[in-house]
Structures are given as structure tokens and as C-alpha cells.
>>> print(open('upload-v4.txt').read())   # compact mmCIF, C-alpha atoms and all ligand atoms
# COMPACT_ATOMS: atom_id res chain seq x y z
CA MET A 22 73.42 111.98 138.83
CA ARG A 23 74.58 115.20 137.16
CA ALA A 24 74.82 115.24 133.39
CA ALA A 25 75.28 117.69 130.51
CA VAL A 26 71.98 117.47 128.65
CA VAL A 27 71.18 118.69 125.12
CA ARG A 28 67.41 118.86 124.51
CA GLU A 29 67.54 120.89 121.28
CA TYR A 30 70.06 121.38 118.50
CA GLY A 31 71.86 124.71 118.61
CA ALA A 32 74.72 126.85 119.88
CA PRO A 33 76.83 125.73 122.90
CA ASP A 34 74.41 127.35 125.36
CA VAL A 35 71.74 124.72 124.60
CA VAL A 36 73.82 122.43 126.84
CA ARG A 37 72.54 122.38 130.44
CA VAL A 38 73.93 120.63 133.51
CA VAL A 39 70.99 118.99 135.27
CA ASP A 40 70.12 116.06 137.53
CA VAL A 41 68.91 112.97 135.68
CA ASP A 42 68.29 109.38 136.70
CA THR A 43 71.43 107.30 137.03
CA PRO A 44 71.26 104.62 134.31
CA VAL A 45 70.98 100.98 135.34
CA PRO A 46 73.14 98.37 133.59
CA GLY A 47 71.34 95.50 131.88
CA PRO A 48 72.73 92.06 131.09
CA LYS A 49 76.25 92.20 129.61
CA GLU A 50 76.54 95.91 130.49
CA VAL A 51 78.58 97.76 133.08
CA LEU A 52 77.91 101.02 134.91
CA VAL A 53 81.02 103.19 134.81
CA ARG A 54 81.70 106.10 137.15
CA VAL A 55 83.11 108.51 134.58
CA HIS A 56 86.31 110.18 135.80
CA ALA A 57 87.14 111.76 132.45
CA THR A 58 85.51 112.10 129.02
CA ALA A 59 86.31 114.20 125.97
CA VAL A 60 84.34 116.97 124.29
CA THR A 61 85.06 116.38 120.62
CA ALA A 62 84.33 117.62 117.12
CA ALA A 63 81.65 114.90 116.96
CA ASP A 64 79.86 116.28 120.05
CA SER A 65 80.02 119.74 118.54
CA ARG A 66 78.66 118.54 115.18
CA ILE A 67 75.77 116.64 116.80
CA ARG A 68 74.87 119.44 119.23
CA GLY A 69 74.85 122.01 116.43
CA ALA A 70 73.32 119.61 113.86
CA ARG A 71 76.23 120.58 111.60
CA PHE A 72 77.09 117.61 109.42
CA PRO A 73 79.21 117.37 106.27
CA ARG A 74 77.20 118.03 103.09
CA GLY A 75 74.93 115.12 102.18
CA PHE A 76 75.05 113.56 105.67
CA ALA A 77 72.31 115.62 107.35
CA PRO A 78 69.33 113.32 106.53
CA PHE A 79 71.19 110.20 107.73
CA ALA A 80 72.63 111.96 110.78
CA ARG A 81 69.20 113.31 111.77
CA LEU A 82 67.77 109.79 111.44
CA ALA A 83 70.55 108.44 113.64
CA PHE A 84 70.67 111.24 116.23
CA GLY A 85 67.10 112.57 116.23
CA LEU A 86 65.01 114.27 113.56
CA ARG A 87 63.93 117.46 115.40
CA ARG A 88 65.94 117.22 118.61
CA PRO A 89 68.70 114.94 119.90
CA ARG A 90 67.40 111.47 120.74
CA ARG A 91 70.41 110.85 122.99
CA THR A 92 70.28 113.92 125.19
CA VAL A 93 73.57 113.20 126.96
CA LEU A 94 76.41 113.54 124.45
CA GLY A 95 79.99 112.31 124.89
CA ASN A 96 81.49 109.16 123.53
CA THR A 97 84.84 108.47 125.21
CA PHE A 98 85.17 107.57 128.86
CA SER A 99 87.73 106.58 131.42
CA GLY A 100 86.62 105.63 134.89
CA VAL A 101 85.85 102.90 137.36
CA VAL A 102 83.30 100.08 137.16
CA GLU A 103 80.57 100.92 139.70
CA ALA A 104 78.18 98.04 139.01
CA VAL A 105 77.73 95.20 136.54
CA GLY A 106 74.46 94.05 135.02
CA ASP A 107 74.92 90.35 135.58
CA GLY A 108 75.80 90.36 139.26
CA ASP A 109 79.37 90.52 140.41
CA LYS A 110 81.29 90.05 137.22
CA VAL A 111 80.49 90.34 133.53
CA ALA A 112 82.79 89.55 130.61
CA GLY A 113 85.85 89.85 132.79
CA PHE A 114 85.00 93.13 134.54
CA ALA A 115 84.34 93.57 138.23
CA VAL A 116 83.34 96.47 140.46
CA GLY A 117 86.35 98.68 141.10
CA ASP A 118 88.16 97.94 137.81
CA GLU A 119 89.68 100.93 136.03
CA VAL A 120 88.35 100.93 132.47
CA ALA A 121 88.11 103.06 129.35
CA GLY A 122 86.42 102.93 125.97
CA THR A 123 83.86 104.49 123.67
CA THR A 124 80.08 104.17 123.61
CA GLY A 125 79.29 104.41 119.88
CA LEU A 126 75.99 106.03 118.87
CA ARG A 127 74.52 105.61 122.34
CA MET A 128 76.86 108.43 123.56
CA GLY A 129 76.08 109.33 127.22
CA THR A 130 79.52 109.93 128.74
CA HIS A 131 79.13 113.64 129.61
CA ALA A 132 77.65 112.47 132.89
CA GLU A 133 78.74 111.17 136.27
CA TYR A 134 77.81 107.63 135.23
CA ALA A 135 77.45 105.85 131.90
CA VAL A 136 76.14 102.40 131.03
CA VAL A 137 78.35 100.67 128.48
CA PRO A 138 78.12 97.24 126.84
CA ALA A 139 80.93 95.15 128.36
CA SER A 140 82.07 94.32 124.81
CA ARG A 141 83.08 98.00 124.38
CA VAL A 142 85.08 98.27 127.60
CA VAL A 143 88.84 97.79 127.91
CA ALA A 144 91.01 97.68 131.00
CA LYS A 145 92.84 100.98 131.50
CA PRO A 146 96.57 100.40 132.00
CA ALA A 147 97.59 101.57 135.48
CA GLY A 148 100.24 103.88 134.05
CA VAL A 149 97.75 105.83 131.91
CA SER A 150 95.79 108.65 133.58
CA HIS A 151 92.01 108.91 133.17
CA ASP A 152 92.53 112.21 131.34
CA ASP A 153 94.93 110.71 128.82
CA ALA A 154 92.75 107.62 128.29
CA ALA A 155 89.59 109.65 127.66
CA GLY A 156 91.54 112.17 125.61
CA VAL A 157 93.27 109.82 123.20
CA LEU A 158 90.46 107.57 122.03
CA PHE A 159 88.64 109.87 119.58
CA GLY A 160 91.48 111.43 117.60
CA GLY A 161 93.84 108.50 118.15
CA ALA A 162 91.43 105.94 116.72
CA THR A 163 90.76 108.17 113.70
CA ALA A 164 94.48 108.66 113.09
CA LEU A 165 95.05 104.89 113.35
CA PHE A 166 92.17 104.19 110.96
CA PHE A 167 93.53 106.49 108.26
CA LEU A 168 97.28 105.91 108.63
CA ARG A 169 97.17 102.16 109.26
CA ASP A 170 93.97 100.94 107.57
CA LYS A 171 93.42 103.37 104.69
CA ALA A 172 97.13 103.78 103.88
CA THR A 173 100.39 102.09 104.79
CA VAL A 174 103.08 104.09 106.51
CA ARG A 175 106.43 102.29 106.52
CA PRO A 176 109.94 103.41 107.39
CA GLY A 177 110.75 106.24 104.99
CA THR A 178 107.16 106.97 103.88
CA THR A 179 106.71 110.74 103.59
CA VAL A 180 103.54 111.89 105.36
CA LEU A 181 101.87 115.32 105.32
CA VAL A 182 99.45 115.88 108.23
CA ILE A 183 97.17 118.89 107.73
CA GLY A 184 95.73 120.00 111.06
CA ALA A 185 98.70 118.64 113.02
CA SER A 186 97.66 120.41 116.24
CA GLY A 187 94.13 118.99 116.45
CA ALA A 188 92.81 115.88 118.17
CA ILE A 189 93.42 113.70 115.12
CA GLY A 190 96.55 115.56 114.06
CA THR A 191 98.50 115.35 117.33
CA SER A 192 98.03 111.57 117.33
CA ALA A 193 98.59 111.28 113.56
CA VAL A 194 101.98 113.03 113.70
CA GLN A 195 103.16 110.66 116.45
CA LEU A 196 101.68 107.49 114.93
CA ALA A 197 103.19 108.29 111.52
CA LYS A 198 106.59 108.68 113.23
CA HIS A 199 105.99 105.50 115.21
CA PHE A 200 105.44 103.63 111.92
CA GLY A 201 108.74 105.05 110.61
CA GLY A 202 107.41 107.88 108.46
CA VAL A 203 109.07 111.18 107.67
CA VAL A 204 106.45 113.65 108.83
CA THR A 205 105.55 117.19 107.83
CA GLY A 206 102.95 118.82 110.06
CA VAL A 207 100.77 121.68 108.86
CA THR A 208 99.70 124.05 111.63
CA SER A 209 99.75 127.74 112.50
CA GLY A 210 102.88 129.36 113.91
CA ALA A 211 101.55 129.23 117.48
CA SER A 212 101.58 125.41 117.51
CA ALA A 213 104.76 124.90 115.45
CA GLU A 214 106.92 124.09 118.50
CA LEU A 215 104.34 121.65 119.85
CA VAL A 216 104.09 119.81 116.53
CA ARG A 217 107.90 119.60 116.34
CA SER A 218 107.97 118.25 119.90
CA LEU A 219 105.56 115.49 118.82
CA GLY A 220 108.22 114.33 116.35
CA ALA A 221 107.41 116.17 113.11
CA ASP A 222 110.50 116.46 110.93
CA HIS A 223 109.16 119.56 109.20
CA VAL A 224 106.46 122.07 110.03
CA VAL A 225 104.59 124.26 107.54
CA ASP A 226 102.60 127.30 108.69
CA TYR A 227 99.32 127.37 106.78
CA THR A 228 98.80 131.03 107.63
CA THR A 229 101.78 132.02 105.49
CA THR A 230 101.98 129.14 102.99
CA ASP A 231 99.41 127.91 100.49
CA ILE A 232 99.35 124.17 101.20
CA ALA A 233 97.82 123.21 97.85
CA SER A 234 100.79 124.88 96.12
CA LEU A 235 103.59 123.18 98.08
CA PRO A 236 106.33 122.09 95.66
CA GLU A 237 107.04 118.86 97.60
CA ARG A 238 105.27 115.54 97.01
CA TYR A 239 104.17 113.24 99.87
CA ASP A 240 103.46 109.50 99.78
CA VAL A 241 100.58 110.01 102.20
CA VAL A 242 98.60 113.23 102.69
CA LEU A 243 96.16 113.22 105.62
CA ASP A 244 93.81 116.22 105.64
CA THR A 245 92.03 116.47 109.01
CA VAL A 246 90.71 119.99 108.34
CA GLY A 247 88.94 119.78 104.98
CA THR A 248 91.15 122.28 103.16
CA LEU A 249 91.96 120.03 100.17
CA SER A 250 89.66 118.79 97.45
CA PRO A 251 90.45 115.49 95.75
CA ALA A 252 91.87 117.50 92.82
CA SER A 253 94.05 119.89 94.87
CA GLY A 254 95.18 117.05 97.15
CA ARG A 255 96.19 114.80 94.26
CA ARG A 256 98.66 117.47 93.10
CA LEU A 257 100.66 116.82 96.30
CA LEU A 258 101.04 113.09 95.59
CA PRO A 259 103.75 111.26 93.68
CA ASP A 260 102.74 108.21 91.59
CA GLY A 261 101.40 105.66 94.06
CA GLY A 262 100.65 108.30 96.72
CA VAL A 263 97.48 108.30 98.80
CA LEU A 264 95.22 111.21 99.78
CA LEU A 265 93.29 110.64 103.02
CA LEU A 266 90.29 112.90 103.63
CA ALA A 267 89.14 112.80 107.26
CA VAL A 268 86.62 115.54 106.47
CA ALA A 269 84.64 114.73 103.35
CA ASP A 270 81.10 115.27 102.17
CA LEU A 271 78.95 112.34 101.11
CA GLY A 272 79.71 112.83 97.41
CA GLU A 273 83.48 112.81 98.04
CA ILE A 274 83.17 109.64 100.12
CA LEU A 275 81.12 107.89 97.44
CA ARG A 276 83.56 108.99 94.72
CA ALA A 277 86.69 108.20 96.77
CA ARG A 278 88.59 105.40 95.13
CA GLY A 279 92.13 104.59 94.03
CA ASP A 280 94.48 107.22 95.43
CA VAL A 281 91.74 109.15 97.31
CA ARG A 282 90.41 107.53 100.47
CA ALA A 283 87.76 108.74 102.89
CA GLY A 284 85.35 107.17 105.36
CA THR A 285 84.26 107.07 108.95
CA SER A 286 86.55 105.67 111.59
CA PRO A 287 84.98 102.64 113.30
CA GLU A 288 85.18 102.16 117.08
CA ARG A 289 87.08 98.97 117.84
CA VAL A 290 88.17 97.75 121.26
CA GLU A 291 91.40 96.41 119.72
CA ASP A 292 92.26 99.94 118.60
CA ALA A 293 91.44 101.36 122.04
CA ARG A 294 93.73 98.76 123.60
CA GLU A 295 96.51 99.52 121.13
CA LEU A 296 96.26 103.27 121.73
CA LEU A 297 96.28 102.87 125.52
CA ASP A 298 99.30 100.56 125.29
CA LEU A 299 101.11 103.13 123.14
CA VAL A 300 100.34 105.81 125.72
CA ALA A 301 101.49 103.51 128.55
CA SER A 302 104.76 102.79 126.74
CA GLY A 303 105.45 106.48 126.16
CA ALA A 304 105.24 106.12 122.36
CA LEU A 305 102.12 108.30 122.22
CA ARG A 306 101.72 111.54 124.18
CA VAL A 307 98.20 112.81 124.71
CA VAL A 308 98.03 116.55 124.13
CA LEU A 309 95.42 118.16 126.37
CA ASP A 310 94.04 121.56 125.39
CA ARG A 311 92.38 121.89 128.79
CA VAL A 312 90.70 119.81 131.49
CA VAL A 313 87.47 121.31 132.84
CA PRO A 314 84.73 120.37 135.32
CA LEU A 315 81.22 119.49 134.11
CA ASP A 316 79.98 122.96 135.04
CA GLU A 317 82.20 124.40 132.28
CA VAL A 318 80.71 122.20 129.57
CA VAL A 319 79.26 125.17 127.63
CA ALA A 320 82.69 126.83 127.48
CA ALA A 321 84.12 123.47 126.42
CA HIS A 322 81.70 123.29 123.48
CA GLU A 323 82.57 126.89 122.58
CA ARG A 324 86.24 125.99 122.54
CA VAL A 325 85.64 123.02 120.26
CA ASP A 326 83.41 125.12 117.97
CA SER A 327 86.21 127.72 117.69
CA GLY A 328 88.30 125.30 115.63
CA ARG A 329 91.35 126.43 117.64
CA LYS A 330 91.49 123.57 120.14
CA VAL A 331 95.01 122.16 120.55
CA GLY A 332 94.81 118.39 120.96
CA ASN A 333 92.03 117.12 123.19
CA LEU A 334 89.57 118.75 125.57
CA VAL A 335 88.79 116.67 128.63
CA LEU A 336 85.74 117.03 130.88
CA HIS A 337 85.53 115.82 134.50
CA PRO A 338 81.93 114.85 135.29
N1 LIG B 1 86.34 110.64 109.18
C1 LIG B 1 86.25 110.36 110.45
O1 LIG B 1 86.06 109.21 110.85
C2 LIG B 1 86.41 111.47 111.48
C3 LIG B 1 86.61 111.12 112.81
C4 LIG B 1 86.80 112.13 113.73
C5 LIG B 1 86.74 113.46 113.33
N2 LIG B 1 86.49 113.75 112.04
C6 LIG B 1 86.45 115.18 111.60
O2 LIG B 1 87.78 115.62 111.51
C7 LIG B 1 87.83 117.01 111.76
C8 LIG B 1 88.98 117.30 112.71
O3 LIG B 1 88.70 116.77 113.97
P1 LIG B 1 89.65 117.10 115.21
O4 LIG B 1 88.96 116.59 116.39
O5 LIG B 1 91.05 116.70 114.92
O6 LIG B 1 89.56 118.71 115.18
P2 LIG B 1 90.10 119.76 116.22
O7 LIG B 1 90.89 119.11 117.31
O8 LIG B 1 88.96 120.63 116.63
O9 LIG B 1 91.08 120.64 115.30
C9 LIG B 1 91.48 121.89 115.74
C10 LIG B 1 92.85 122.21 115.19
O10 LIG B 1 92.78 122.40 113.77
C11 LIG B 1 93.77 123.35 113.43
N3 LIG B 1 93.44 124.01 112.17
C12 LIG B 1 92.33 124.75 111.90
N4 LIG B 1 92.37 125.18 110.61
C13 LIG B 1 93.51 124.68 110.07
C14 LIG B 1 94.09 124.75 108.77
N5 LIG B 1 93.52 125.43 107.76
N6 LIG B 1 95.26 124.10 108.56
C15 LIG B 1 95.86 123.40 109.56
N7 LIG B 1 95.36 123.31 110.82
C16 LIG B 1 94.20 123.94 111.06
C17 LIG B 1 93.76 124.34 114.58
O11 LIG B 1 95.03 124.90 114.68
P3 LIG B 1 95.19 126.51 114.66
O12 LIG B 1 94.38 127.05 115.79
O13 LIG B 1 96.66 126.70 114.82
O14 LIG B 1 94.66 126.96 113.35
C18 LIG B 1 93.41 123.46 115.79
O15 LIG B 1 94.55 123.12 116.57
C19 LIG B 1 86.44 117.41 112.26
O16 LIG B 1 85.74 118.05 111.21
C20 LIG B 1 85.79 116.09 112.61
O17 LIG B 1 84.39 116.14 112.44
C21 LIG B 1 86.35 112.80 111.09
>>> encode(input="upload-v4.txt", output="C-alpha cells")
Amino acid sequence: MRAAVVREYGAPDVVRVVDVDTPVPGPKEVLVRVHATAVTAADSRIRGARFPRGFAPFARLAFGLRRPRRTVLGNTFSGVVEAVGDGDKVAGFAVGDEVAGTTGLRMGTHAEYAVVPASRVVAKPAGVSHDDAAGVLFGGATALFFLRDKATVRPGTTVLVIGASGAIGTSAVQLAKHFGGVVTGVTSGASAELVRSLGADHVVDYTTTDIASLPERYDVVLDTVGTLSPASGRRLLPDGGVLLLAVADLGEILRARGDVRAGTSPERVEDARELLDLVASGALRVVLDRVVPLDEVVAAHERVDSGRKVGNLVLHP
């Protein structure tokens, strides 16, 4: 099969499209023909070995000390079950089923086929495209984790989303509205209309306004960019407010307590199901920056590295 392979850490051009052996599913695993996958900030961080301060030793242990241990990156997938490890049917999945999900640390979705534990696979609703399913799972799950698990957004909660045009931000704006929040999105002028169209009640242009000096106070501040420190973020909170740091170094995570919350979003099949159902119902729109074939994977990494991606970048292996 064809796959995007990363044999050394470095700039986007370390990624090569080559032929590799098609993986074989073991017991309780399925082989998925990948129709769509996302190239994400996580792929870019792993490929470039660029991890938040304090994380590098742990990340290198997890992903490979000198070079990537998992040479095929990519974590989200949407596709069709091609084979199952236990014969005809495993854990409710059969050949031909349309499925989606994430592969955790094993990665491997930037390829024509990926082997996935059946416990990580969910049925893709018929009304959701492969592109939307693969696109939503990374940023959507992170937005859910912060807005639902690390904070509570209820009707009337005021929410500031910094980085409202990114993968996390485009889902966060919509999920905060879905939970009843009054949302202010922080983006640059070019994406202001998009962020409004996602439901933001107010939009602030960070290129002309210093976010840390905003006079308003917000019950929940979600920083998906890493522009706020715990101290500067706290100044935006009223009593009882919560600062959510999606980008935090190890020290900030260890010190985060009380009104400052950080952490790493887990990958749960329940969340994947919930996100896909929200997309199917029309409550969540998946913003796609671009959809590219596998041969354009280097350009896809460059786009993610630029920090200018709008929503999600989808790859067709
Ligand atoms: N904690 C966790 O579990 C977790 C999970 C996933 C990701 N992350 C981290 O979260 C970060 C964001 O991920 P992502 O996938 O959402 O990123 P992304 O899609 O690459 O974000 C790109 C967007 O950020 C906007 N942006 C850049 N600088 C900005 C600023 N100063 N203020 C407001 N918006 C700005 C850009 O808009 P303009 O072009 O208009 O500037 C662009 O649309 C990454 O560092 C990633 O590693 C953390």
C-alpha cells in the first residue's frame, strides 16, 4: 500500500510517500481502507519533534528517541472495514461497514490502510461524509474535553475562544453555543466572518486588539493558541471563572489547579460518537481548510506548520 512515511524528525520534506507492506489485523482488530484522515497539529509536532517545554523527554520516549518509532503518522480516520482479525465479524464490525475513529499513539492513518483495535472504531453515520468524520475528531474531541470536562458551559455562560478559526477553535465556538454559551471568538480579520457564521456572538481581531488587556470578563476562557499565561489569563476571569489552556508546558500543567485548567485530551469512542452525531444532526459544521491527495502530504504539513490553517486539513490516502 502507499503511505506517508517519516523516517527522521525534521521539516515537512522529511515526509515521503512510499510503498510499504499492508498491515494485517490481529485478533480484535480491523483493517480499515482509509478514505480520509486529518493532518493535525499533533502530526506536525511529532514530525518536527517540537513539543511544549518539559514534554520532550517523555514525547521522545513515546514516539522514538532518535527517529520516529511509528513511521506512518496520522491519528484520525474515516473509511470502510476491509478485513477483520477474527474472521468475518469482530466486536460488531463486518467487512464493508463505514467506520471512523482515532488510533491513539499507534498512529498509522496517513496510509491507504490502517489496522485499528475494534474497541477504537465507531460506526460512521451515513449522513456524515468521510472528510467531515476524519476532520472533526481531533479538534472536536479537544474542544469537548475542555468545554465539557474541564469547565461547565451552561445557558448564559460567557466563553472566550482564542484561536477560534483553528481545528479546536472552530469546534469550540460551535460546541460552546450548543451548550448555551454566549461566545466571543478571537481570530484575525480574515476569518471574522467565518467565526461569526459558526455562531460567535462577538468577534475580536487579535491583530488589532491586545487580548490580555480586554476590559470584559468571561466565565470561561479557552486559549487554543498559547498566547495567555496563567497570570494574564486570570485577569480576564470574574470570580468563579475558569481559564482553560489547551497549549501549556509541563510546568503549567503541573501547577494548574483551581481556576486554571490544562491537560491532554483523551481519545474516547463515546466522544467520537457524540461528535459524529452532532455533525449528522447539523449542530456541528466541520470547517475544512483543504482536502488533498496523499501525494500532497508535504504541502499539507507545511500548511499545518504555518499556523494559518483554517479548521481542519484532510488527506485522501
Ligand atoms: N491539550 C490538548 O489535549 C491538545 C489537543 C490538541 C491540540 N493541542 C494543541 O492546541 C494547539 C492548537 O491546535 P489546532 O489544531 O486548533 O491549531 P490550528 O488549527 O493549526 O490553528 C490555526 C489557527 O490558529 C489561529 N491563530 C494563530 N495565532 C493566533 C492568535 N494569536 N490568536 C488567535 N488565533 C490565532 C490562526 O488564525 P489566523 O491565521 O487568522 O491567525 C489559524 O486559523 C496546538 O498547539 C496543538 O498542539 C492541544
>>> closest_residue(input="upload-v4.txt", among="A:Leu219, A:Val203, A:Ala233, A:Val53", to="Thr191 (chain A)", atoms="all atoms listed in the file")
A:Leu219
>>> closest_residue(input="upload-v4.txt", among="A:Phe84, A:Phe200, A:Phe167, A:Tyr30", to="Asp244 (chain A)", atoms="all atoms listed in the file")
A:Phe167
>>> residues_around(input="upload-v4.txt", residues="Asp118 (chain A)", least_positions_apart="3", cutoff="6 Å", atoms="all atoms listed in the file", output="ChimeraX atom specification")
/A:101-102,115
>>> atom_distance(input="upload-v4.txt", atom1="CA of Gly177 (chain A)", atom2="CA of Val246 (chain A)")
24.5 Å
>>> closest_residue(input="upload-v4.txt", among="A:Val318, A:Leu181, A:Leu243, A:Val137", to="His223 (chain A)", atoms="all atoms listed in the file")
A:Leu181
>>> residues_around(input="upload-v4.txt", residues="Val281 (chain A)", least_positions_apart="2", cutoff="8 Å", atoms="only C-alpha atoms", output="PyMOL selection string")
chain A and resi 251+255+263-266+277-279+283
>>> build_atoms(input="upload-v4.txt", residues="region 69-80 of chain A", atoms="all heavy atoms", output="PDB file, in the frame of the given file")
ATOM      1  N   GLY A  69      75.219 120.933 117.337  1.00  0.00           N
ATOM      2  CA  GLY A  69      74.850 122.010 116.430  1.00  0.00           C
ATOM      3  C   GLY A  69      74.129 121.525 115.192  1.00  0.00           C
ATOM      4  O   GLY A  69      73.787 122.331 114.327  1.00  0.00           O
ATOM      5  N   ALA A  70      73.908 120.197 115.075  1.00  0.00           N
ATOM      6  CA  ALA A  70      73.320 119.610 113.860  1.00  0.00           C
ATOM      7  C   ALA A  70      74.061 120.131 112.624  1.00  0.00           C
ATOM      8  O   ALA A  70      73.460 120.545 111.639  1.00  0.00           O
ATOM      9  CB  ALA A  70      71.827 119.903 113.778  1.00  0.00           C
ATOM     10  N   ARG A  71      75.393 120.134 112.712  1.00  0.00           N
ATOM     11  CA  ARG A  71      76.230 120.580 111.600  1.00  0.00           C
ATOM     12  C   ARG A  71      76.979 119.365 111.060  1.00  0.00           C
ATOM     13  O   ARG A  71      77.925 118.892 111.671  1.00  0.00           O
ATOM     14  CB  ARG A  71      77.259 121.625 112.063  1.00  0.00           C
ATOM     15  CG  ARG A  71      76.681 122.988 112.368  1.00  0.00           C
ATOM     16  CD  ARG A  71      77.763 123.985 112.760  1.00  0.00           C
ATOM     17  NE  ARG A  71      78.369 123.672 114.053  1.00  0.00           N
ATOM     18  CZ  ARG A  71      79.509 123.024 114.231  1.00  0.00           C
ATOM     19  NH1 ARG A  71      80.225 122.618 113.205  1.00  0.00           N
ATOM     20  NH2 ARG A  71      79.961 122.786 115.445  1.00  0.00           N
ATOM     21  N   PHE A  72      76.493 118.832 109.963  1.00  0.00           N
ATOM     22  CA  PHE A  72      77.090 117.610 109.420  1.00  0.00           C
ATOM     23  C   PHE A  72      77.648 117.898 108.026  1.00  0.00           C
ATOM     24  O   PHE A  72      77.139 118.787 107.329  1.00  0.00           O
ATOM     25  CB  PHE A  72      76.032 116.510 109.352  1.00  0.00           C
ATOM     26  CG  PHE A  72      75.355 116.259 110.679  1.00  0.00           C
ATOM     27  CD1 PHE A  72      74.053 116.678 110.903  1.00  0.00           C
ATOM     28  CD2 PHE A  72      76.050 115.651 111.721  1.00  0.00           C
ATOM     29  CE1 PHE A  72      73.443 116.476 112.140  1.00  0.00           C
ATOM     30  CE2 PHE A  72      75.439 115.445 112.951  1.00  0.00           C
ATOM     31  CZ  PHE A  72      74.134 115.852 113.162  1.00  0.00           C
ATOM     32  N   PRO A  73      78.691 117.144 107.615  1.00  0.00           N
ATOM     33  CA  PRO A  73      79.210 117.370 106.270  1.00  0.00           C
ATOM     34  C   PRO A  73      78.094 117.220 105.226  1.00  0.00           C
ATOM     35  O   PRO A  73      77.151 116.445 105.430  1.00  0.00           O
ATOM     36  CB  PRO A  73      80.274 116.264 106.109  1.00  0.00           C
ATOM     37  CG  PRO A  73      80.695 115.961 107.510  1.00  0.00           C
ATOM     38  CD  PRO A  73      79.464 116.132 108.351  1.00  0.00           C
ATOM     39  N   ARG A  74      78.237 117.985 104.118  1.00  0.00           N
ATOM     40  CA  ARG A  74      77.200 118.030 103.090  1.00  0.00           C
ATOM     41  C   ARG A  74      76.754 116.621 102.671  1.00  0.00           C
ATOM     42  O   ARG A  74      77.597 115.747 102.457  1.00  0.00           O
ATOM     43  CB  ARG A  74      77.721 118.792 101.875  1.00  0.00           C
ATOM     44  CG  ARG A  74      76.669 119.312 100.942  1.00  0.00           C
ATOM     45  CD  ARG A  74      77.137 120.609 100.278  1.00  0.00           C
ATOM     46  NE  ARG A  74      78.543 120.541  99.945  1.00  0.00           N
ATOM     47  CZ  ARG A  74      79.017 120.388  98.702  1.00  0.00           C
ATOM     48  NH1 ARG A  74      78.204 120.283  97.705  1.00  0.00           N
ATOM     49  NH2 ARG A  74      80.324 120.367  98.485  1.00  0.00           N
ATOM     50  N   GLY A  75      75.470 116.412 102.611  1.00  0.00           N
ATOM     51  CA  GLY A  75      74.930 115.120 102.180  1.00  0.00           C
ATOM     52  C   GLY A  75      74.635 114.183 103.339  1.00  0.00           C
ATOM     53  O   GLY A  75      73.895 113.213 103.191  1.00  0.00           O
ATOM     54  N   PHE A  76      75.221 114.476 104.524  1.00  0.00           N
ATOM     55  CA  PHE A  76      75.050 113.560 105.670  1.00  0.00           C
ATOM     56  C   PHE A  76      73.845 113.907 106.539  1.00  0.00           C
ATOM     57  O   PHE A  76      73.414 113.097 107.347  1.00  0.00           O
ATOM     58  CB  PHE A  76      76.295 113.572 106.566  1.00  0.00           C
ATOM     59  CG  PHE A  76      77.368 112.655 106.081  1.00  0.00           C
ATOM     60  CD1 PHE A  76      78.506 113.154 105.474  1.00  0.00           C
ATOM     61  CD2 PHE A  76      77.248 111.283 106.235  1.00  0.00           C
ATOM     62  CE1 PHE A  76      79.501 112.310 105.021  1.00  0.00           C
ATOM     63  CE2 PHE A  76      78.229 110.431 105.790  1.00  0.00           C
ATOM     64  CZ  PHE A  76      79.356 110.949 105.179  1.00  0.00           C
ATOM     65  N   ALA A  77      73.324 115.145 106.393  1.00  0.00           N
ATOM     66  CA  ALA A  77      72.310 115.620 107.350  1.00  0.00           C
ATOM     67  C   ALA A  77      71.116 114.664 107.473  1.00  0.00           C
ATOM     68  O   ALA A  77      70.726 114.318 108.603  1.00  0.00           O
ATOM     69  CB  ALA A  77      71.869 117.027 106.975  1.00  0.00           C
ATOM     70  N   PRO A  78      70.503 114.187 106.360  1.00  0.00           N
ATOM     71  CA  PRO A  78      69.330 113.320 106.530  1.00  0.00           C
ATOM     72  C   PRO A  78      69.659 112.048 107.320  1.00  0.00           C
ATOM     73  O   PRO A  78      68.889 111.643 108.204  1.00  0.00           O
ATOM     74  CB  PRO A  78      68.937 112.959 105.087  1.00  0.00           C
ATOM     75  CG  PRO A  78      69.594 113.984 104.221  1.00  0.00           C
ATOM     76  CD  PRO A  78      70.808 114.445 104.941  1.00  0.00           C
ATOM     77  N   PHE A  79      70.814 111.447 107.032  1.00  0.00           N
ATOM     78  CA  PHE A  79      71.190 110.200 107.730  1.00  0.00           C
ATOM     79  C   PHE A  79      71.520 110.485 109.197  1.00  0.00           C
ATOM     80  O   PHE A  79      71.145 109.742 110.098  1.00  0.00           O
ATOM     81  CB  PHE A  79      72.391 109.546 107.043  1.00  0.00           C
ATOM     82  CG  PHE A  79      72.186 109.336 105.581  1.00  0.00           C
ATOM     83  CD1 PHE A  79      72.768 110.183 104.659  1.00  0.00           C
ATOM     84  CD2 PHE A  79      71.369 108.307 105.125  1.00  0.00           C
ATOM     85  CE1 PHE A  79      72.550 110.015 103.304  1.00  0.00           C
ATOM     86  CE2 PHE A  79      71.141 108.137 103.778  1.00  0.00           C
ATOM     87  CZ  PHE A  79      71.733 108.982 102.860  1.00  0.00           C
ATOM     88  N   ALA A  80      72.242 111.613 109.411  1.00  0.00           N
ATOM     89  CA  ALA A  80      72.630 111.960 110.780  1.00  0.00           C
ATOM     90  C   ALA A  80      71.397 112.268 111.617  1.00  0.00           C
ATOM     91  O   ALA A  80      71.304 111.858 112.777  1.00  0.00           O
ATOM     92  CB  ALA A  80      73.588 113.153 110.754  1.00  0.00           C
TER      93      ALA A  80
END
